[in-house]
$ cat protein-v8.txt   # compact mmCIF, C-alpha atoms and all ligand atoms
# COMPACT_ATOMS: atom_id res chain seq x y z
CA MET A 1 0.00 0.00 0.00
CA SER A 2 1.34 3.46 -0.84
CA ARG A 3 2.27 6.05 1.76
CA ALA A 4 -0.64 8.33 0.84
CA SER A 5 -3.32 5.70 1.13
CA THR A 6 -1.85 4.13 4.29
CA GLY A 7 -1.96 7.54 5.89
CA ALA A 8 -5.58 7.98 4.90
CA VAL A 9 -6.54 4.59 6.29
CA LEU A 10 -4.77 5.18 9.58
CA TRP A 11 -6.30 8.61 9.97
CA LEU A 12 -9.74 7.14 9.39
CA LEU A 13 -9.10 4.31 11.80
CA LEU A 14 -8.01 6.69 14.50
CA ALA A 15 -10.93 9.01 13.85
CA GLY A 16 -13.29 6.05 14.08
CA ALA A 17 -11.73 4.96 17.35
CA THR A 18 -12.57 8.14 19.22
CA PRO A 19 -13.11 6.84 22.76
CA THR A 20 -16.70 6.64 23.86
CA HIS A 21 -15.89 5.54 27.37
CA GLY A 22 -12.16 5.40 28.11
CA ALA A 23 -8.64 5.36 26.74
CA VAL A 24 -7.48 4.72 23.18
CA LEU A 25 -4.00 3.24 22.85
CA GLU A 26 -2.26 2.73 19.52
CA ARG A 27 0.96 0.98 18.50
CA THR A 28 2.61 0.48 15.11
CA GLY A 29 5.42 -1.96 14.40
CA TYR A 30 7.02 -4.09 11.70
CA VAL A 31 5.97 -7.73 11.84
CA MET A 32 5.44 -10.57 9.32
CA GLY A 33 7.29 -8.50 6.72
CA THR A 34 4.90 -5.55 6.87
CA MET A 35 3.52 -2.77 9.10
CA LEU A 36 0.96 -3.59 11.76
CA SER A 37 -1.02 -0.80 13.48
CA VAL A 38 -3.34 -1.71 16.32
CA VAL A 39 -5.79 0.62 18.10
CA ILE A 40 -7.41 -0.53 21.36
CA ASP A 41 -10.36 1.35 22.83
CA SER A 42 -11.05 0.32 26.41
CA PRO A 43 -12.29 1.91 29.62
CA ASP A 44 -9.38 0.19 31.37
CA SER A 45 -6.04 1.61 30.20
CA ALA A 46 -4.04 -1.19 31.86
CA LEU A 47 -6.13 -3.73 29.92
CA ALA A 48 -5.59 -1.74 26.70
CA ALA A 49 -1.81 -1.83 27.25
CA ARG A 50 -1.89 -5.59 27.88
CA ALA A 51 -4.02 -6.05 24.78
CA LEU A 52 -1.46 -4.20 22.63
CA ASP A 53 1.31 -6.40 24.05
CA THR A 54 -0.76 -9.50 23.30
CA ALA A 55 -1.48 -8.42 19.71
CA PHE A 56 2.21 -7.88 18.94
CA ALA A 57 3.41 -10.97 20.83
CA LEU A 58 0.94 -13.19 18.98
CA THR A 59 1.76 -11.82 15.52
CA SER A 60 5.50 -12.18 16.20
CA ARG A 61 4.94 -15.76 17.35
CA LEU A 62 2.97 -16.49 14.18
CA ASP A 63 5.80 -14.99 12.11
CA CYS A 64 8.22 -17.46 13.75
CA LEU A 65 5.86 -20.37 13.08
CA LEU A 66 4.69 -19.57 9.55
CA SER A 67 7.24 -17.41 7.71
CA ASN A 68 8.65 -18.91 4.53
CA TYR A 69 11.57 -16.48 4.84
CA ARG A 70 12.65 -18.25 8.05
CA PRO A 71 14.18 -21.67 7.35
CA ASP A 72 13.44 -22.73 10.95
CA SER A 73 9.72 -21.87 10.91
CA GLU A 74 7.41 -24.87 11.31
CA LEU A 75 5.99 -24.22 7.85
CA SER A 76 9.47 -24.16 6.24
CA ARG A 77 10.46 -27.31 8.10
CA ILE A 78 7.59 -29.24 6.50
CA GLY A 79 9.34 -28.59 3.17
CA ARG A 80 12.91 -28.99 4.41
CA GLU A 81 12.27 -32.27 6.23
CA ALA A 82 9.98 -33.72 3.54
CA PRO A 83 8.70 -36.34 3.20
CA ALA A 84 9.01 -36.91 6.99
CA PRO A 85 6.12 -35.71 9.15
CA VAL A 86 6.89 -32.59 11.19
CA SER A 87 5.34 -32.00 14.64
CA LEU A 88 3.31 -28.81 14.68
CA SER A 89 2.15 -26.45 17.39
CA PRO A 90 -1.64 -25.99 17.64
CA LEU A 91 -1.48 -22.60 15.86
CA THR A 92 0.35 -23.96 12.79
CA LEU A 93 -1.97 -26.95 12.69
CA ASP A 94 -5.02 -24.68 12.86
CA PHE A 95 -3.56 -22.34 10.20
CA LEU A 96 -2.96 -25.24 7.80
CA SER A 97 -6.27 -26.87 8.45
CA ARG A 98 -8.21 -23.63 7.85
CA THR A 99 -6.14 -22.87 4.73
CA LEU A 100 -6.63 -26.37 3.29
CA SER A 101 -10.36 -26.09 3.93
CA TRP A 102 -10.54 -23.01 1.64
CA CYS A 103 -8.35 -24.85 -0.91
CA ASP A 104 -11.04 -27.53 -1.09
CA ARG A 105 -13.94 -25.09 -1.13
CA SER A 106 -12.32 -23.03 -3.91
CA ALA A 107 -11.56 -26.18 -5.96
CA GLY A 108 -7.83 -25.51 -5.67
CA ALA A 109 -7.87 -21.82 -6.69
CA LEU A 110 -6.28 -21.19 -3.30
CA ASP A 111 -3.23 -23.43 -3.01
CA PRO A 112 -0.34 -22.67 -0.63
CA THR A 113 1.87 -25.21 -2.45
CA VAL A 114 2.22 -22.64 -5.27
CA GLY A 115 5.40 -21.68 -3.37
CA THR A 116 7.54 -23.54 -5.94
CA LEU A 117 5.79 -21.75 -8.82
CA VAL A 118 6.06 -18.35 -7.07
CA HIS A 119 9.80 -19.02 -6.91
CA ALA A 120 9.99 -20.12 -10.58
CA TRP A 121 8.37 -16.81 -11.63
CA GLY A 122 10.70 -14.90 -9.30
CA PHE A 123 7.88 -13.24 -7.37
CA ASP A 124 9.82 -13.92 -4.17
CA SER A 125 12.71 -11.82 -5.57
CA GLU A 126 13.35 -8.27 -6.76
CA HIS A 127 13.34 -9.37 -10.42
CA PRO A 128 10.33 -11.46 -11.39
CA ALA A 129 10.41 -12.77 -14.97
CA ARG A 130 8.76 -15.38 -17.17
CA PRO A 131 10.47 -18.72 -16.51
CA GLU A 132 11.71 -21.04 -19.27
CA ALA A 133 9.08 -23.64 -20.18
CA ASN A 134 11.13 -26.50 -18.72
CA VAL A 135 11.58 -24.64 -15.39
CA LEU A 136 7.83 -23.99 -15.20
CA ASP A 137 7.14 -27.58 -16.07
CA SER A 138 9.38 -28.94 -13.32
CA ALA A 139 7.96 -26.47 -10.78
CA SER A 140 4.38 -27.36 -11.66
CA ARG A 141 5.07 -31.00 -10.80
CA LEU A 142 5.98 -29.87 -7.27
CA CYS A 143 2.58 -28.32 -6.51
CA GLY A 144 -0.81 -29.56 -5.41
CA TYR A 145 -2.36 -28.99 -1.99
CA ARG A 146 -3.95 -32.45 -1.99
CA LYS A 147 -0.48 -33.90 -1.41
CA VAL A 148 -0.18 -32.09 1.93
CA ARG A 149 -1.01 -34.60 4.68
CA LEU A 150 -2.30 -33.12 7.90
CA ASP A 151 -2.65 -35.52 10.82
CA THR A 152 -4.65 -33.70 13.47
CA THR A 153 -4.40 -36.63 15.91
CA ALA A 154 -0.61 -36.92 15.73
CA GLN A 155 -0.39 -33.12 15.22
CA THR A 156 1.95 -33.43 12.23
CA ALA A 157 2.11 -32.44 8.58
CA SER A 158 4.07 -33.87 5.69
CA MET A 159 4.36 -33.41 1.94
CA PRO A 160 6.51 -34.69 -0.94
CA CYS A 161 10.15 -33.63 -1.40
CA GLY A 162 10.56 -30.40 -3.36
CA PHE A 163 7.18 -28.97 -2.28
CA ASN A 164 7.10 -25.51 -0.72
CA LEU A 165 4.39 -23.94 1.42
CA ASP A 166 3.73 -20.22 0.88
CA PRO A 167 1.70 -18.58 3.69
CA GLY A 168 1.34 -15.29 1.75
CA ALA A 169 -2.33 -15.64 0.86
CA THR A 170 -3.69 -16.31 4.35
CA GLY A 171 -1.04 -15.43 6.96
CA LYS A 172 -2.07 -11.86 7.80
CA GLY A 173 -5.76 -12.71 7.91
CA TYR A 174 -5.05 -15.66 10.17
CA ALA A 175 -3.01 -13.47 12.52
CA LEU A 176 -5.84 -10.91 12.75
CA ALA A 177 -8.36 -13.67 13.49
CA VAL A 178 -6.11 -15.15 16.20
CA VAL A 179 -5.54 -11.75 17.80
CA ASP A 180 -9.28 -11.04 17.76
CA ARG A 181 -10.00 -14.32 19.56
CA ALA A 182 -7.34 -13.56 22.18
CA LEU A 183 -8.49 -9.97 22.75
CA LEU A 184 -12.12 -11.03 23.07
CA GLY A 185 -10.97 -13.56 25.70
CA MET A 186 -9.36 -10.68 27.59
CA GLY A 187 -12.58 -8.67 27.46
CA VAL A 188 -11.56 -6.23 24.71
CA THR A 189 -14.59 -5.53 22.53
CA ARG A 190 -13.49 -2.37 20.69
CA TRP A 191 -10.33 -2.53 18.63
CA ASN A 192 -9.14 -2.20 15.08
CA ALA A 193 -6.03 -2.83 13.04
CA ASP A 194 -4.34 -2.18 9.72
CA PHE A 195 -2.06 -5.10 8.88
CA GLY A 196 -0.21 -4.25 5.68
CA GLY A 197 -3.45 -3.01 4.12
CA GLN A 198 -5.78 -5.66 5.54
CA LEU A 199 -8.13 -3.95 7.97
CA PHE A 200 -10.01 -5.38 10.91
CA CYS A 201 -12.59 -3.65 13.11
CA ARG A 202 -14.53 -4.79 16.12
CA GLY A 203 -16.93 -2.43 17.80
CA THR A 204 -15.75 0.78 16.16
CA ASP A 205 -18.80 1.91 14.21
CA SER A 206 -19.15 4.82 11.81
CA LEU A 207 -15.74 4.03 10.36
CA LEU A 208 -15.35 4.94 6.70
CA ILE A 209 -12.88 2.62 5.01
CA PRO A 210 -11.37 3.35 1.59
CA VAL A 211 -10.74 0.55 -0.90
CA ARG A 212 -7.41 1.03 -2.60
CA HIS A 213 -7.69 2.00 -6.27
CA PRO A 214 -5.55 -0.43 -8.31
CA ARG A 215 -4.49 2.28 -10.79
CA SER A 216 -4.36 5.44 -8.63
CA ASP A 217 -2.71 6.39 -5.35
CA THR A 218 -4.83 9.50 -4.90
CA THR A 219 -8.41 8.28 -5.21
CA ALA A 220 -10.31 5.48 -3.47
CA LEU A 221 -12.01 2.84 -5.59
CA ALA A 222 -14.95 2.65 -3.15
CA TRP A 223 -15.86 3.25 0.49
CA LEU A 224 -17.05 0.76 3.06
CA THR A 225 -18.48 0.88 6.52
CA PHE A 226 -19.01 -1.88 9.07
CA ALA A 227 -18.71 -2.38 12.82
CA LEU A 228 -17.33 -5.93 12.78
CA GLY A 229 -15.16 -7.64 10.22
CA SER A 230 -12.22 -7.35 7.92
CA VAL A 231 -11.36 -6.09 4.45
CA SER A 232 -8.63 -7.71 2.38
CA THR A 233 -7.50 -6.73 -1.11
CA SER A 234 -5.58 -8.88 -3.56
CA GLY A 235 -4.17 -6.83 -6.41
CA ASP A 236 -1.93 -6.90 -9.47
CA TYR A 237 0.01 -3.77 -8.43
CA GLU A 238 2.31 -5.11 -5.73
CA ARG A 239 4.76 -7.57 -7.24
CA TYR A 240 4.55 -7.63 -11.02
CA PHE A 241 6.25 -7.05 -14.35
CA ASP A 242 4.78 -5.82 -17.63
CA GLU A 243 5.69 -7.57 -20.87
CA GLY A 244 4.18 -7.42 -24.36
CA GLY A 245 1.35 -5.16 -23.15
CA LYS A 246 0.36 -7.65 -20.44
CA ARG A 247 0.75 -7.51 -16.69
CA TYR A 248 2.17 -10.51 -14.85
CA ALA A 249 1.51 -10.20 -11.12
CA HIS A 250 2.15 -12.31 -8.04
CA ILE A 251 -1.15 -14.20 -7.80
CA LEU A 252 -0.91 -17.44 -9.75
CA ASP A 253 -3.67 -19.54 -11.20
CA PRO A 254 -2.76 -23.08 -10.10
CA ARG A 255 -4.58 -24.44 -13.20
CA THR A 256 -2.43 -22.52 -15.71
CA LYS A 257 0.67 -22.22 -13.45
CA SER A 258 0.78 -18.57 -14.53
CA PRO A 259 -0.25 -15.13 -13.23
CA VAL A 260 -3.99 -14.41 -13.45
CA GLN A 261 -4.93 -12.14 -16.38
CA GLY A 262 -7.72 -9.57 -16.77
CA ARG A 263 -8.17 -8.62 -13.13
CA ALA A 264 -6.64 -5.61 -11.32
CA SER A 265 -7.96 -6.23 -7.81
CA VAL A 266 -10.46 -8.06 -5.65
CA THR A 267 -11.48 -6.65 -2.29
CA VAL A 268 -13.37 -8.90 0.10
CA TYR A 269 -15.27 -7.92 3.21
CA ALA A 270 -15.95 -10.81 5.62
CA PRO A 271 -16.88 -10.95 9.32
CA ASP A 272 -13.81 -13.17 9.88
CA ALA A 273 -10.34 -11.85 8.95
CA PHE A 274 -9.04 -15.26 7.86
CA ASP A 275 -11.96 -15.76 5.48
CA ALA A 276 -11.47 -12.26 4.00
CA ASP A 277 -7.79 -12.98 3.25
CA ALA A 278 -8.34 -16.50 1.88
CA LEU A 279 -11.26 -15.36 -0.27
CA SER A 280 -9.55 -12.30 -1.76
CA THR A 281 -6.78 -14.51 -3.15
CA ALA A 282 -9.08 -17.37 -4.21
CA LEU A 283 -11.53 -15.00 -5.92
CA PHE A 284 -8.70 -13.15 -7.66
CA VAL A 285 -8.06 -16.50 -9.36
CA LEU A 286 -11.70 -17.54 -9.88
CA GLY A 287 -13.37 -14.26 -10.92
CA PRO A 288 -16.86 -12.90 -10.22
CA GLN A 289 -18.91 -15.69 -11.86
CA ALA A 290 -17.80 -18.30 -9.33
CA ALA A 291 -17.81 -15.92 -6.36
CA GLY A 292 -21.42 -15.97 -5.07
CA ARG A 293 -21.41 -19.49 -3.61
CA LEU A 294 -18.05 -19.04 -1.85
CA LEU A 295 -18.88 -15.61 -0.45
CA GLU A 296 -22.17 -16.88 0.91
CA GLN A 297 -20.34 -19.52 2.99
CA ALA A 298 -18.51 -16.75 4.83
CA GLY A 299 -21.26 -14.08 4.99
CA ALA A 300 -18.93 -12.06 2.76
CA GLY A 301 -19.03 -9.65 -0.16
CA ALA A 302 -16.55 -8.73 -2.88
CA LEU A 303 -15.71 -5.87 -5.20
CA PHE A 304 -13.97 -6.98 -8.40
CA ALA A 305 -12.00 -4.52 -10.55
CA GLU A 306 -11.76 -6.22 -13.93
CA TRP A 307 -9.04 -4.82 -16.23
CA ASN A 308 -8.92 -5.08 -20.01
CA GLY A 309 -5.63 -3.21 -20.33
CA GLU A 310 -7.34 0.19 -20.60
CA THR A 311 -10.42 0.42 -18.41
CA LEU A 312 -11.66 -0.97 -15.13
CA GLU A 313 -15.07 -2.58 -14.76
CA LEU A 314 -16.38 -2.79 -11.20
CA ILE A 315 -18.52 -5.77 -10.17
CA ILE A 316 -20.03 -6.28 -6.71
CA VAL A 317 -21.00 -9.78 -5.53
CA GLY A 318 -22.54 -10.88 -2.20
CA ALA A 319 -22.87 -9.00 1.09
CA TRP A 320 -20.83 -5.89 0.28
CA PRO A 321 -21.12 -3.24 3.06
CA SER A 322 -21.07 -0.18 0.83
CA ALA A 323 -20.93 3.25 2.51
CA ARG A 324 -23.81 5.26 1.03
P1 LIG A 401 -2.73 -12.04 -1.24
O1 LIG A 401 -2.06 -10.71 -1.40
O2 LIG A 401 -3.35 -12.29 0.11
O3 LIG A 401 -3.70 -12.32 -2.35
O4 LIG A 401 -1.59 -13.15 -1.32
C1 LIG A 401 -0.80 -13.27 -2.48
C2 LIG A 401 0.40 -14.11 -2.18
O5 LIG A 401 0.00 -15.49 -1.99
C3 LIG A 401 1.37 -14.14 -3.34
O6 LIG A 401 2.34 -13.11 -3.21
C4 LIG A 401 1.99 -15.51 -3.24
O7 LIG A 401 3.01 -15.52 -2.27
C5 LIG A 401 0.84 -16.37 -2.74
N1 LIG A 401 0.01 -16.91 -3.83
C6 LIG A 401 0.00 -16.60 -5.15
N2 LIG A 401 -0.96 -17.28 -5.81
C7 LIG A 401 -1.57 -18.05 -4.87
C8 LIG A 401 -2.65 -19.00 -4.92
N3 LIG A 401 -3.31 -19.27 -6.05
N4 LIG A 401 -2.99 -19.62 -3.76
C9 LIG A 401 -2.34 -19.35 -2.60
N5 LIG A 401 -1.33 -18.48 -2.50
C10 LIG A 401 -0.96 -17.83 -3.62
MG MG A 402 -5.18 -13.26 0.66

$ encode --input "protein-v8.txt" --output "structure tokens" --more "lines below"
Ligand code: AMP
Ligand code: MG
Amino acid sequence: MSRASTGAVLWLLLAGATPTHGAVLERTGYVMGTMLSVVIDSPDSALAARALDTAFALTSRLDCLLSNYRPDSELSRIGREAPAPVSLSPLTLDFLSRTLSWCDRSAGALDPTVGTLVHAWGFDSEHPARPEANVLDSASRLCGYRKVRLDTTAQTASMPCGFNLDPGATGKGYALAVVDRALLGMGVTRWNADFGGQLFCRGTDSLLIPVRHPRSDTTALAWLTFALGSVSTSGDYERYFDEGGKRYAHILDPRTKSPVQGRASVTVYAPDAFDADALSTALFVLGPQAAGRLLEQAGAGALFAEWNGETLELIIVGAWPSAR
């Protein structure tokens, strides 16, 4: 997200969090490779301070467990120690089981084993480029979420040698959902966050939330409002290269093994932050026609920005909380 729009989002979050009955505490830090800002609104300032500590401790813990940039994370070890089963902590197990559930429901449009393909296209580097056909071919044989074996009784996961798990599509949403559960358990009912552009709000009503415009840093694509839930955007403007008049961006269609074409962004609102993150990536792959059934399962709505190379066409599907 650009500086200008991040500033706008934060300002709106803070404005929306004007305390109705107590103290508002805010903290911003770098975690999971991006910026996390958390605002807690509580009548008890000691509780608010503990809640901030909890939010940052949990997200840092999840970074250690799930990061594919850390060779010692539990997720990386499933690849490194393949095909042997790796013992997992309850959080990693839960993350994988929720992710694999959306893989099934999206008929494989969401697939964290695209890690090998992401690497072949160079989207995990500074210089993404079209891979040679033989490189793409070899990489595509090392993908397929159905080959990931999760044993919830033994609390282990395993997969074939050469497979790679990429948490990029669901990690931030999972972290926001885990933090929400923990804060609710502590009695915090009013808080919000901006996690690298994915927003979460609980109990802060009359918040106006801008949807990032995929082709402009100065205007919003749309405005939303809701008192509980999360907004996640998947877009073609973050990691990409342009070639032959086409844009090749970081979200891959597991069926074609290549970047999705014809779509600039998909923004999903869902009551649950994990669902919002999983769905924005899955629907970026699937498109608006297949979206209704999936969105309904999560009480969610989506705004698609379809791109033909010159103009954007906006399509709304499902329970989209438009600000009127
Ligand atoms: P997001 O911005 O949440 O849509 O996540 C995009 C990131 O997820 C990419 O940068 C890749 O690391 C990874 N990814 C790309 N394509 C897929 C896919 N089809 N399923 C799951 N993860 C993907
Ligand atoms: Mg996502």

$ residues_near_ligand --input "protein-v8.txt" --ligand "ligand MG 402 (chain A)" --cutoff "8 Å" --atoms "all atoms listed in the file" --output "CSV table (one decimal) with C-alpha atoms, in the frame of the given file"
chain,number,residue,atom,x,y,z
A,168,GLY,CA,1.3,-15.3,1.8
A,169,ALA,CA,-2.3,-15.6,0.9
A,170,THR,CA,-3.7,-16.3,4.4
A,171,GLY,CA,-1.0,-15.4,7.0
A,172,LYS,CA,-2.1,-11.9,7.8
A,173,GLY,CA,-5.8,-12.7,7.9
A,232,SER,CA,-8.6,-7.7,2.4
A,233,THR,CA,-7.5,-6.7,-1.1
A,234,SER,CA,-5.6,-8.9,-3.6
A,276,ALA,CA,-11.5,-12.3,4.0
A,277,ASP,CA,-7.8,-13.0,3.2
A,278,ALA,CA,-8.3,-16.5,1.9
A,279,LEU,CA,-11.3,-15.4,-0.3
A,280,SER,CA,-9.6,-12.3,-1.8
A,281,THR,CA,-6.8,-14.5,-3.2
A,282,ALA,CA,-9.1,-17.4,-4.2

$ residues_near_point --input "protein-v8.txt" --point "(7.7, -27.8, -9.7)" --cutoff "12 Å" --atoms "only C-alpha atoms" --output "number ranges by chain"
A: 113-121, 131, 133-144, 160-164, 254, 257

$ residues_around --input "protein-v8.txt" --residues "Glu26 in chain A" --least-positions-apart "3" --cutoff "7 Å" --atoms "only C-alpha atoms" --output "count of residues only"
3

$ residues_around --input "protein-v8.txt" --residues "Gly108 in chain A" --least-positions-apart "5" --cutoff "10 Å" --atoms "all atoms listed in the file" --output "list in words"
Leu100, Ser101, Trp102, Cys103, Gly144, Tyr145, Arg146, Asp253, Pro254, Arg255, Ala282, Val285 and Leu286 of chain A

$ write_last_selection --input "protein-v8.txt" --atoms "C-alpha atoms" --output "compact mmCIF listing (two decimals), in the frame of the given file"
# COMPACT_ATOMS: atom_id res chain seq x y z
CA LEU A 100 -6.63 -26.37 3.29
CA SER A 101 -10.36 -26.09 3.93
CA TRP A 102 -10.54 -23.01 1.64
CA CYS A 103 -8.35 -24.85 -0.91
CA GLY A 144 -0.81 -29.56 -5.41
CA TYR A 145 -2.36 -28.99 -1.99
CA ARG A 146 -3.95 -32.45 -1.99
CA ASP A 253 -3.67 -19.54 -11.20
CA PRO A 254 -2.76 -23.08 -10.10
CA ARG A 255 -4.58 -24.44 -13.20
CA ALA A 282 -9.08 -17.37 -4.21
CA VAL A 285 -8.06 -16.50 -9.36
CA LEU A 286 -11.70 -17.54 -9.88

$ atom_distance --input "protein-v8.txt" --atom1 "CA of His127 in chain A" --atom2 "CA of Glu243 in chain A"
13.1 Å

$ closest_residue --input "protein-v8.txt" --among "A:Cys64, A:Val266, A:Ala109, A:Ala82" --to "ligand LIG 401 (chain A)" --atoms "all atoms listed in the file"
A:Ala109

$ residues_around --input "protein-v8.txt" --residues "Leu88 in chain A" --least-positions-apart "6" --cutoff "12 Å" --atoms "all atoms listed in the file" --output "PyMOL selection string"
chain A and resi 65-66+73-78+94-97+150-158

$ write_last_selection --input "protein-v8.txt" --atoms "C-alpha atoms" --output "PDB file, in the frame of the given file"
ATOM      1  CA  LEU A  65       5.860 -20.370  13.080  1.00  0.00           C
ATOM      2  CA  LEU A  66       4.690 -19.570   9.550  1.00  0.00           C
ATOM      3  CA  SER A  73       9.720 -21.870  10.910  1.00  0.00           C
ATOM      4  CA  GLU A  74       7.410 -24.870  11.310  1.00  0.00           C
ATOM      5  CA  LEU A  75       5.990 -24.220   7.850  1.00  0.00           C
ATOM      6  CA  SER A  76       9.470 -24.160   6.240  1.00  0.00           C
ATOM      7  CA  ARG A  77      10.460 -27.310   8.100  1.00  0.00           C
ATOM      8  CA  ILE A  78       7.590 -29.240   6.500  1.00  0.00           C
ATOM      9  CA  ASP A  94      -5.020 -24.680  12.860  1.00  0.00           C
ATOM     10  CA  PHE A  95      -3.560 -22.340  10.200  1.00  0.00           C
ATOM     11  CA  LEU A  96      -2.960 -25.240   7.800  1.00  0.00           C
ATOM     12  CA  SER A  97      -6.270 -26.870   8.450  1.00  0.00           C
ATOM     13  CA  LEU A 150      -2.300 -33.120   7.900  1.00  0.00           C
ATOM     14  CA  ASP A 151      -2.650 -35.520  10.820  1.00  0.00           C
ATOM     15  CA  THR A 152      -4.650 -33.700  13.470  1.00  0.00           C
ATOM     16  CA  THR A 153      -4.400 -36.630  15.910  1.00  0.00           C
ATOM     17  CA  ALA A 154      -0.610 -36.920  15.730  1.00  0.00           C
ATOM     18  CA  GLN A 155      -0.390 -33.120  15.220  1.00  0.00           C
ATOM     19  CA  THR A 156       1.950 -33.430  12.230  1.00  0.00           C
ATOM     20  CA  ALA A 157       2.110 -32.440   8.580  1.00  0.00           C
ATOM     21  CA  SER A 158       4.070 -33.870   5.690  1.00  0.00           C
TER      22      SER A 158
END

$ axis_aligned_box --input "protein-v8.txt" --around "ligand LIG 401 (chain A)" --padding-each-side "3 Å" --output "AutoDock Vina command-line options"
--center_x -0.3 --center_y -15.2 --center_z -3.0 --size_x 12.7 --size_y 14.9 --size_z 12.2

$ residues_around --input "protein-v8.txt" --residues "Ala227 in chain A" --least-positions-apart "6" --cutoff "7 Å" --atoms "all atoms listed in the file" --output "ChimeraX atom specification"
/A:201-205

$ residues_around --input "protein-v8.txt" --residues "Arg324 in chain A" --least-positions-apart "4" --cutoff "9 Å" --atoms "all atoms listed in the file" --output "list in words"
Trp223, Leu224 and Thr225 of chain A

$ write_last_selection --input "protein-v8.txt" --atoms "C-alpha atoms" --output "PDB file, in the coordinates of the input"
ATOM      1  CA  TRP A 223     -15.860   3.250   0.490  1.00  0.00           C
ATOM      2  CA  LEU A 224     -17.050   0.760   3.060  1.00  0.00           C
ATOM      3  CA  THR A 225     -18.480   0.880   6.520  1.00  0.00           C
TER       4      THR A 225
END

$ closest_residue --input "protein-v8.txt" --among "A:Ile209, A:Ala23, A:Leu58, A:Leu93" --to "Arg181 in chain A" --atoms "all atoms listed in the file"
A:Leu58
